[in-house]
$ cat data-v4.cif   # mmCIF, C-alpha atoms and all ligand atoms
data_my_file
#
loop_
_atom_site.label_atom_id
_atom_site.label_comp_id
_atom_site.auth_asym_id
_atom_site.auth_seq_id
_atom_site.Cartn_x
_atom_site.Cartn_y
_atom_site.Cartn_z
CA MET A 25 0.00 0.00 0.00
CA LYS A 26 1.23 3.51 -0.84
CA THR A 27 1.95 5.80 2.10
CA PRO A 28 -0.81 8.45 2.31
CA LYS A 29 0.59 11.96 1.70
CA ARG A 30 -0.82 15.46 1.94
CA TYR A 31 -0.05 18.65 0.01
CA LEU A 32 0.26 21.41 2.60
CA VAL A 33 0.21 24.63 0.54
CA PRO A 34 -1.75 23.91 -2.65
CA ALA A 35 -2.13 27.58 -3.60
CA ASP A 36 1.61 28.36 -3.89
CA PHE A 37 4.94 26.73 -4.71
CA MET A 38 7.04 25.94 -1.62
CA ALA A 39 9.95 23.46 -1.36
CA ASP A 40 12.89 22.27 0.79
CA PRO A 41 10.98 22.22 4.11
CA SER A 42 12.96 22.68 7.33
CA VAL A 43 10.59 21.74 10.13
CA HIS A 44 10.77 22.22 13.89
CA VAL A 45 8.43 21.63 16.81
CA TRP A 46 8.52 24.56 19.21
CA ASP A 47 6.18 24.87 22.22
CA GLY A 48 4.06 22.02 20.92
CA LYS A 49 3.57 23.45 17.43
CA ILE A 50 5.03 22.56 14.02
CA TYR A 51 6.76 25.39 12.15
CA ILE A 52 7.76 24.97 8.49
CA TYR A 53 10.52 27.03 6.86
CA PRO A 54 10.47 26.36 3.10
CA SER A 55 12.04 27.82 -0.02
CA HIS A 56 9.52 29.83 -2.06
CA ASP A 57 9.59 28.93 -5.75
CA TRP A 58 8.75 31.52 -8.39
CA GLU A 59 8.51 31.23 -12.17
CA PRO A 60 11.87 32.51 -13.54
CA GLU A 61 11.89 35.82 -15.38
CA ASP A 62 14.35 34.72 -18.11
CA PHE A 63 14.00 30.98 -18.31
CA VAL A 64 17.21 28.93 -18.49
CA GLU A 65 17.31 25.33 -17.14
CA ASN A 66 20.80 24.04 -16.41
CA ASP A 67 22.95 22.10 -13.90
CA ASN A 68 23.72 25.40 -12.21
CA GLY A 69 20.12 25.77 -11.04
CA ASP A 70 19.59 29.02 -12.97
CA HIS A 71 15.93 28.03 -13.33
CA PHE A 72 15.40 28.71 -9.60
CA ASN A 73 14.13 32.21 -8.88
CA MET A 74 13.51 32.36 -5.14
CA LYS A 75 13.36 35.88 -3.75
CA ASP A 76 11.66 35.62 -0.36
CA TYR A 77 10.64 33.27 2.43
CA HIS A 78 7.29 32.55 4.09
CA VAL A 79 6.79 30.73 7.39
CA PHE A 80 3.97 28.24 7.98
CA SER A 81 2.67 26.64 11.15
CA LEU A 82 0.24 23.77 11.67
CA ASN A 83 -2.74 24.25 13.92
CA GLY A 84 -3.64 20.75 15.12
CA ASP A 85 -2.22 17.46 16.34
CA ASP A 86 -2.27 15.58 13.02
CA PRO A 87 -0.11 17.04 10.21
CA MET A 88 -2.30 15.14 7.70
CA THR A 89 -5.35 17.25 8.60
CA ALA A 90 -4.13 20.25 10.67
CA GLU A 91 -5.01 23.77 9.52
CA VAL A 92 -2.01 25.33 7.73
CA ILE A 93 -1.33 28.93 8.74
CA ASP A 94 0.72 31.12 6.35
CA HIS A 95 2.47 33.77 8.45
CA GLY A 96 3.29 35.69 5.29
CA LYS A 97 6.56 36.98 3.89
CA VAL A 98 9.21 37.04 6.62
CA LEU A 99 12.36 37.94 4.65
CA ASP A 100 12.83 39.46 1.20
CA VAL A 101 16.01 39.35 -0.87
CA ALA A 102 15.67 43.13 -1.36
CA ASP A 103 16.28 43.62 2.39
CA ILE A 104 19.55 41.67 2.50
CA PRO A 105 22.45 44.13 2.14
CA TRP A 106 24.88 41.72 0.41
CA ALA A 107 22.32 40.05 -1.87
CA GLY A 108 22.91 38.96 -5.41
CA ARG A 109 20.23 36.38 -6.24
CA GLN A 110 18.54 33.06 -5.33
CA LEU A 111 17.46 32.34 -1.75
CA TRP A 112 17.75 28.56 -1.61
CA ASP A 113 16.83 26.24 1.27
CA CYS A 114 16.62 28.02 4.65
CA GLU A 115 16.69 26.76 8.23
CA VAL A 116 15.79 28.23 11.65
CA ALA A 117 17.27 27.54 15.11
CA ARG A 118 16.05 28.76 18.50
CA LYS A 119 18.36 29.91 21.28
CA ASP A 120 17.51 31.86 24.45
CA GLY A 121 14.15 33.04 23.08
CA LYS A 122 15.54 34.26 19.77
CA TYR A 123 15.09 32.64 16.36
CA TYR A 124 17.96 32.56 13.87
CA MET A 125 17.21 31.98 10.22
CA TYR A 126 20.12 30.65 8.13
CA PHE A 127 19.88 31.02 4.37
CA PRO A 128 22.07 30.40 1.31
CA LEU A 129 22.16 33.31 -1.10
CA LYS A 130 24.41 34.19 -4.02
CA ASP A 131 26.36 37.37 -3.42
CA ARG A 132 26.94 39.91 -6.19
CA ASN A 133 29.73 37.72 -7.61
CA ASP A 134 27.28 34.78 -7.88
CA ILE A 135 29.03 32.93 -5.02
CA PHE A 136 26.79 31.19 -2.47
CA ARG A 137 27.31 32.34 1.12
CA LEU A 138 25.26 31.55 4.21
CA GLY A 139 23.49 34.48 5.86
CA VAL A 140 21.69 34.90 9.20
CA ALA A 141 18.51 36.83 10.02
CA ILE A 142 17.03 37.20 13.52
CA SER A 143 13.54 37.33 15.02
CA ASP A 144 11.95 37.32 18.47
CA LYS A 145 9.22 34.94 17.21
CA PRO A 146 9.27 31.63 15.35
CA GLU A 147 6.94 33.07 12.71
CA GLY A 148 9.22 36.04 12.01
CA PRO A 149 9.70 38.54 10.45
CA PHE A 150 13.47 38.04 10.36
CA ILE A 151 15.96 40.92 10.24
CA PRO A 152 19.11 40.09 8.23
CA GLN A 153 22.65 40.69 9.46
CA PRO A 154 24.69 43.06 7.28
CA ASP A 155 27.16 40.40 6.08
CA PRO A 156 27.19 36.65 5.41
CA ILE A 157 28.78 34.28 7.95
CA LYS A 158 32.55 34.57 7.75
CA GLY A 159 34.06 31.50 6.09
CA SER A 160 30.69 30.21 4.86
CA TYR A 161 30.10 28.70 1.43
CA SER A 162 27.70 26.44 -0.54
CA ILE A 163 24.03 25.77 0.36
CA ASP A 164 21.40 23.91 2.38
CA PRO A 165 22.12 24.71 6.05
CA ALA A 166 20.41 22.43 8.58
CA ILE A 167 20.85 22.85 12.33
CA TYR A 168 20.89 20.18 15.00
CA GLU A 169 20.99 21.22 18.65
CA GLU A 170 22.11 19.09 21.58
CA ASP A 171 23.10 20.14 25.10
CA GLY A 172 23.19 23.81 24.07
CA LYS A 173 25.56 23.12 21.15
CA TYR A 174 24.34 23.94 17.66
CA TYR A 175 25.73 21.98 14.71
CA MET A 176 25.19 23.21 11.16
CA TYR A 177 25.25 20.69 8.31
CA PHE A 178 25.58 22.23 4.87
CA GLY A 179 26.76 21.76 1.31
CA GLY A 180 25.47 20.81 -2.10
CA LEU A 181 27.03 19.76 -5.41
CA TRP A 182 26.70 21.28 -8.92
CA GLY A 183 24.68 24.53 -8.55
CA GLY A 184 25.33 24.32 -4.81
CA GLN A 185 29.05 24.99 -5.57
CA LEU A 186 30.56 22.54 -3.02
CA GLN A 187 32.97 21.24 -5.69
CA ARG A 188 34.60 24.67 -5.67
CA TYR A 189 36.06 24.12 -2.16
CA LYS A 190 38.65 21.91 -0.50
CA ASP A 191 39.69 22.17 3.15
CA ASN A 192 37.39 25.22 3.41
CA LYS A 193 39.35 27.14 0.80
CA ALA A 194 38.15 28.13 -2.65
CA LEU A 195 39.84 26.12 -5.43
CA GLU A 196 41.30 27.70 -8.52
CA ASN A 197 39.36 25.07 -10.51
CA ALA A 198 36.30 23.21 -9.25
CA TYR A 199 36.88 19.48 -8.76
CA LEU A 200 34.12 16.85 -8.70
CA PRO A 201 35.36 13.35 -7.82
CA GLU A 202 34.45 10.60 -10.30
CA GLY A 203 34.14 6.82 -10.44
CA LYS A 204 35.80 5.02 -7.50
CA GLU A 205 37.15 8.22 -5.94
CA ASP A 206 35.63 9.07 -2.55
CA ALA A 207 32.40 11.02 -2.98
CA LEU A 208 32.48 14.71 -2.09
CA PRO A 209 31.30 14.98 1.53
CA GLY A 210 28.89 17.52 3.02
CA ARG A 211 30.15 19.64 5.91
CA VAL A 212 29.36 20.07 9.60
CA VAL A 213 30.40 22.92 11.86
CA ARG A 214 29.52 24.01 15.40
CA LEU A 215 28.07 27.49 15.62
CA SER A 216 29.49 30.20 17.87
CA GLU A 217 27.75 31.11 21.14
CA ASP A 218 26.14 34.18 19.55
CA MET A 219 24.81 31.99 16.68
CA LEU A 220 26.21 34.42 14.11
CA GLY A 221 29.37 32.59 13.10
CA PHE A 222 31.33 29.34 13.03
CA ALA A 223 33.06 28.26 16.26
CA GLU A 224 35.52 26.05 14.34
CA ASP A 225 36.52 25.08 10.84
CA PRO A 226 33.83 23.08 9.00
CA ARG A 227 34.60 19.33 8.89
CA PRO A 228 33.72 16.76 6.21
CA VAL A 229 30.70 14.56 6.97
CA MET A 230 31.92 11.08 6.09
CA ILE A 231 29.40 8.48 4.93
CA LEU A 232 30.86 4.96 5.00
CA ASP A 233 29.70 1.60 3.69
CA GLU A 234 29.32 -1.45 5.96
CA GLU A 235 33.07 -2.16 5.55
CA GLY A 236 33.99 1.31 6.79
CA LYS A 237 35.01 2.64 3.36
CA PRO A 238 33.72 6.05 2.15
CA LEU A 239 30.91 5.85 -0.42
CA THR A 240 32.40 6.43 -3.86
CA ALA A 241 31.45 9.13 -6.38
CA ASP A 242 29.76 6.60 -8.66
CA ASN A 243 27.55 5.24 -5.87
CA PRO A 244 23.93 6.26 -6.62
CA TYR A 245 23.31 6.69 -2.88
CA ARG A 246 26.17 9.10 -2.16
CA PHE A 247 25.59 12.58 -0.68
CA PHE A 248 24.58 15.39 -3.01
CA GLU A 249 22.68 18.05 -0.95
CA ALA A 250 19.82 18.63 1.55
CA SER A 251 21.41 17.43 4.82
CA TRP A 252 19.13 16.83 7.79
CA MET A 253 19.98 15.47 11.24
CA HIS A 254 17.69 13.84 13.79
CA LYS A 255 18.19 11.51 16.71
CA TYR A 256 16.29 8.25 17.24
CA ASN A 257 16.89 5.78 20.06
CA GLY A 258 20.24 7.40 20.92
CA LYS A 259 21.60 7.24 17.36
CA TYR A 260 22.29 10.13 14.98
CA TYR A 261 20.48 9.88 11.65
CA LEU A 262 22.02 11.92 8.85
CA SER A 263 19.62 12.09 5.91
CA TYR A 264 20.23 13.74 2.55
CA SER A 265 19.35 13.92 -1.12
CA THR A 266 21.39 12.07 -3.74
CA GLY A 267 20.62 14.84 -6.28
CA ASP A 268 21.11 13.48 -9.79
CA THR A 269 19.95 9.99 -8.74
CA HIS A 270 16.94 11.53 -6.94
CA TYR A 271 16.76 9.51 -3.69
CA LEU A 272 16.39 10.56 -0.08
CA CYS A 273 18.82 8.37 1.89
CA TYR A 274 20.16 8.06 5.42
CA ALA A 275 23.22 6.99 7.36
CA ILE A 276 23.59 6.40 11.10
CA GLY A 277 26.33 7.54 13.48
CA ASP A 278 27.23 7.69 17.16
CA ASN A 279 27.76 11.44 17.44
CA PRO A 280 26.83 14.61 15.52
CA TYR A 281 30.17 14.74 13.64
CA GLY A 282 30.03 11.16 12.37
CA PRO A 283 31.31 9.16 10.62
CA PHE A 284 27.95 7.79 9.52
CA THR A 285 27.29 4.32 8.12
CA TYR A 286 25.03 4.21 5.07
CA LYS A 287 21.74 2.44 5.85
CA GLY A 288 19.32 2.89 2.97
CA VAL A 289 16.68 4.79 1.04
CA ILE A 290 14.04 6.83 2.83
CA MET A 291 12.13 7.88 -0.29
CA THR A 292 12.35 6.78 -3.91
CA PRO A 293 12.39 9.51 -6.61
CA VAL A 294 9.49 11.96 -6.78
CA VAL A 295 8.17 13.86 -9.80
CA GLY A 296 10.69 16.69 -10.34
CA TRP A 297 14.50 16.69 -10.33
CA THR A 298 15.11 17.75 -6.72
CA THR A 299 14.15 15.98 -3.56
CA HIS A 300 14.60 17.58 -0.13
CA HIS A 301 13.07 16.89 3.25
CA SER A 302 13.09 17.08 7.01
CA ILE A 303 12.16 14.53 9.67
CA VAL A 304 10.48 15.41 13.00
CA GLU A 305 8.66 13.67 15.81
CA PHE A 306 5.26 15.11 16.65
CA SER A 307 2.17 13.75 18.44
CA GLY A 308 3.90 10.44 19.11
CA LYS A 309 4.68 9.75 15.43
CA TRP A 310 7.48 10.57 13.02
CA TRP A 311 6.87 12.69 9.92
CA LEU A 312 8.66 13.22 6.62
CA PHE A 313 8.15 16.68 5.15
CA HIS A 314 9.26 16.89 1.52
CA HIS A 315 8.24 18.25 -1.88
CA ASP A 316 7.45 17.17 -5.42
CA SER A 317 6.51 18.82 -8.71
CA VAL A 318 3.23 17.04 -9.45
CA PRO A 319 0.98 20.13 -9.10
CA SER A 320 3.13 22.17 -11.54
CA GLY A 321 3.08 19.34 -14.08
CA GLY A 322 6.70 18.34 -13.43
CA LYS A 323 8.38 21.78 -13.47
CA THR A 324 11.24 21.22 -11.06
CA TRP A 325 11.56 24.94 -10.32
CA LEU A 326 7.90 25.02 -9.11
CA ARG A 327 7.61 22.54 -6.24
CA SER A 328 4.90 21.78 -3.69
CA LEU A 329 5.19 20.92 0.00
CA LYS A 330 4.06 17.51 1.23
CA VAL A 331 3.97 15.50 4.43
CA CYS A 332 3.57 11.81 5.24
CA GLU A 333 4.22 9.53 8.19
CA LEU A 334 7.63 7.87 8.50
CA LYS A 335 7.99 4.52 10.24
CA TYR A 336 10.92 2.61 11.73
CA ASN A 337 11.55 -1.09 11.89
CA GLU A 338 12.38 -2.64 15.26
CA ASP A 339 16.10 -2.56 14.47
CA GLY A 340 16.00 1.23 13.95
CA THR A 341 16.09 1.13 10.14
CA ILE A 342 13.59 3.32 8.31
CA GLN A 343 10.80 1.83 6.20
CA PRO A 344 11.29 3.22 2.66
CA ILE A 345 8.48 5.34 1.21
CA GLU A 346 7.54 5.49 -2.48
CA GLY A 347 7.99 8.98 -3.87
CA LEU A 348 5.41 8.49 -6.62
CA ASP A 349 1.79 8.33 -5.57
CA GLU A 350 0.53 6.50 -8.70
O1 LIG A 401 15.70 24.83 -3.76
C1 LIG A 401 16.94 24.96 -4.38
C2 LIG A 401 17.77 23.77 -4.16
O2 LIG A 401 17.14 22.65 -4.74
C3 LIG A 401 17.94 23.38 -2.71
O3 LIG A 401 18.80 24.19 -2.01
C4 LIG A 401 18.36 21.98 -2.92
O4 LIG A 401 18.39 21.21 -1.78
C5 LIG A 401 17.36 21.52 -3.93
O5 LIG A 401 16.15 21.15 -3.34
#
$ encode --input "data-v4.cif" --output "structure tokens" --more "lines below"
Ligand code: FUB
Amino acid sequence: MKTPKRYLVPADFMADPSVHVWDGKIYIYPSHDWEPEDFVENDNGDHFNMKDYHVFSLNGDDPMTAEVIDHGKVLDVADIPWAGRQLWDCEVARKDGKYYMYFPLKDRNDIFRLGVAISDKPEGPFIPQPDPIKGSYSIDPAIYEEDGKYYMYFGGLWGGQLQRYKDNKALENAYLPEGKEDALPGRVVRLSEDMLGFAEDPRPVMILDEEGKPLTADNPYRFFEASWMHKYNGKYYLSYSTGDTHYLCYAIGDNPYGPFTYKGVIMTPVVGWTTHHSIVEFSGKWWLFHHDSVPSGGKTWLRSLKVCELKYNEDGTIQPIEGLDE
């Protein structure tokens, strides 16, 4: 039987959901897809034309039926002092009653940096800092908090520009590993106490096979983008998108830095090129928030938010979900 799924915002195009439960309520922080002004579709992601963010919350105990509240526009690219173009996947973390939104945005040289914007409320609006985070690069920030420490996972290949960096330095020439070379890893970094910077140098997030060897570049289940971290039964679950092979996968580790051992597919490919998600526990169940491009007729730059239940097996592995509904 197919897993029942629900479209959450049928009247608009929202993608890349970062989801958190704060004070008993689900908050969703998605990308906001717009039709591009000058249409070009390429591996660089020039077909994406995101220029603002909305926040949504769910009013009810069951995400499959809860009322969806749109809190409106909470940050506009026009208000970010260093902005070039393209607000990709955002994330929000809470610390000491303040809410910090992290967002990837191309600067005026078309280089992705990660910015921060601050609010007193989970539903925003968010006020951007004047500059991007020092030393930041690439896309798709996701924050995991434990014992007052905040870890940011980030990075994405191709249009996400991760192949332009090695050891946190920009390369003269981008380098994408191929074949049996180790796959390019995502990154993890602990945030500074004030939440506005990195407390250390970003580290590679290693995903290993059952023999302890890094997944190779030609492995269809290797990391591409869309990191997410959650904890289940004392283990750390790193989940991510495989990009050009279109899966959501996961790997399990013993601490937030990894290494992580590859475990399997969470969701098979959806309609649309990208796949991106988050996983949260709410009302005694686990939920997978994600997107597909069914409502736009397959346009991968116009995606729609979805939710469905996620289930574990007794051994802690995740039961795979079919991305296609028919
Ligand atoms: O939404 C733009 C990009 O597409 C995201 O940053 C990636 O994760 C992919 O979903």
$ closest_residue --input "data-v4.cif" --among "A:Gly277, A:Gly321, A:Gly288, A:Pro293" --to "Thr341 in chain A" --atoms "all atoms listed in the file"
A:Gly288
$ residues_around --input "data-v4.cif" --residues "Asp134 in chain A" --least-positions-apart "3" --cutoff "7 Å" --atoms "all atoms listed in the file" --output "list in words"
Gly108, Lys130 and Asp131 of chain A
$ residues_near_ligand --input "data-v4.cif" --ligand "ligand LIG 401 (chain A)" --cutoff "6 Å" --atoms "all atoms listed in the file" --output "list in words"
Asp40, Trp112, Asp113, Ile163, Asp164, Glu249, Ala250, Thr298, Thr299 and His300 of chain A
$ write_last_selection --input "data-v4.cif" --atoms "C-alpha atoms" --output "PDB file, in the frame of the given file"
ATOM      1  CA  ASP A  40      12.890  22.270   0.790  1.00  0.00           C
ATOM      2  CA  TRP A 112      17.750  28.560  -1.610  1.00  0.00           C
ATOM      3  CA  ASP A 113      16.830  26.240   1.270  1.00  0.00           C
ATOM      4  CA  ILE A 163      24.030  25.770   0.360  1.00  0.00           C
ATOM      5  CA  ASP A 164      21.400  23.910   2.380  1.00  0.00           C
ATOM      6  CA  GLU A 249      22.680  18.050  -0.950  1.00  0.00           C
ATOM      7  CA  ALA A 250      19.820  18.630   1.550  1.00  0.00           C
ATOM      8  CA  THR A 298      15.110  17.750  -6.720  1.00  0.00           C
ATOM      9  CA  THR A 299      14.150  15.980  -3.560  1.00  0.00           C
ATOM     10  CA  HIS A 300      14.600  17.580  -0.130  1.00  0.00           C
TER      11      HIS A 300
END
$ residues_around --input "data-v4.cif" --residues "Ser320 in chain A" --least-positions-apart "4" --cutoff "10 Å" --atoms "all atoms listed in the file" --output "list in words"
Asp36, Phe37, Val295, Gly296, Asp316, Thr324, Trp325, Leu326, Arg327 and Ser328 of chain A
$ residues_around --input "data-v4.cif" --residues "Pro238 in chain A" --least-positions-apart "2" --cutoff "6 Å" --atoms "only C-alpha atoms" --output "MDAnalysis selection string"
chainID A and resid 206 231:232
$ residues_near_point --input "data-v4.cif" --point "(20.9, 9.0, 6.5)" --cutoff "7 Å" --atoms "all atoms listed in the file" --output "PyMOL selection string"
chain A and resi 261-264+273-276+286-287
$ closest_residue --input "data-v4.cif" --among "A:Glu205, A:Asp218, A:Asp62, A:Asp94" --to "Ile142 in chain A" --atoms "only C-alpha atoms"
A:Asp218
$ atom_distance --input "data-v4.cif" --atom1 "CA of Met74 in chain A" --atom2 "CA of Gln153 in chain A"
19.1 Å
$ residues_around --input "data-v4.cif" --residues "Phe248 in chain A" --least-positions-apart "2" --cutoff "9 Å" --atoms "only C-alpha atoms" --output "PyMOL selection string"
chain A and resi 179-182+207-210+245-246+250-251+264-268
$ atom_distance --input "data-v4.cif" --atom1 "CA of Lys335 in chain A" --atom2 "CA of Glu234 in chain A"
22.6 Å
$ closest_atom_pairs --input "data-v4.cif" --of "range 269-307 of chain A" --to "range 79-93 of chain A" --cutoff "12 Å" --atoms "all atoms listed in the file" --output "JSON lines"
{"residue": "A:Val304", "atom": "CA", "partner": "A:Pro87", "partner_atom": "CA", "distance": 11.1}
{"residue": "A:Glu305", "atom": "CA", "partner": "A:Pro87", "partner_atom": "CA", "distance": 10.9}
{"residue": "A:Phe306", "atom": "CA", "partner": "A:Asp85", "partner_atom": "CA", "distance": 7.8}
{"residue": "A:Ser307", "atom": "CA", "partner": "A:Asp85", "partner_atom": "CA", "distance": 6.1}
$ residues_around --input "data-v4.cif" --residues "range 144-151 of chain A" --least-positions-apart "2" --cutoff "10 Å" --atoms "all atoms listed in the file" --output "count of residues only"
33
$ atom_distance --input "data-v4.cif" --atom1 "CA of Pro54 in chain A" --atom2 "CA of Glu115 in chain A"
8.1 Å
$ closest_residue --input "data-v4.cif" --among "A:Gln187, A:Ser42, A:Ser317, A:Asn279" --to "Ile303 in chain A" --atoms "all atoms listed in the file"
A:Ser42
$ closest_residue --input "data-v4.cif" --among "A:Asp225, A:Glu217, A:Asp47, A:Glu169" --to "Lys193 in chain A" --atoms "all atoms listed in the file"
A:Asp225
$ closest_residue --input "data-v4.cif" --among "A:Lys309, A:Lys259, A:Arg109, A:His301" --to "Asp339 in chain A" --atoms "only C-alpha atoms"
A:Lys259
$ closest_residue --input "data-v4.cif" --among "A:Tyr271, A:Tyr260, A:Tyr336, A:Phe136" --to "Trp106 in chain A" --atoms "all atoms listed in the file"
A:Phe136
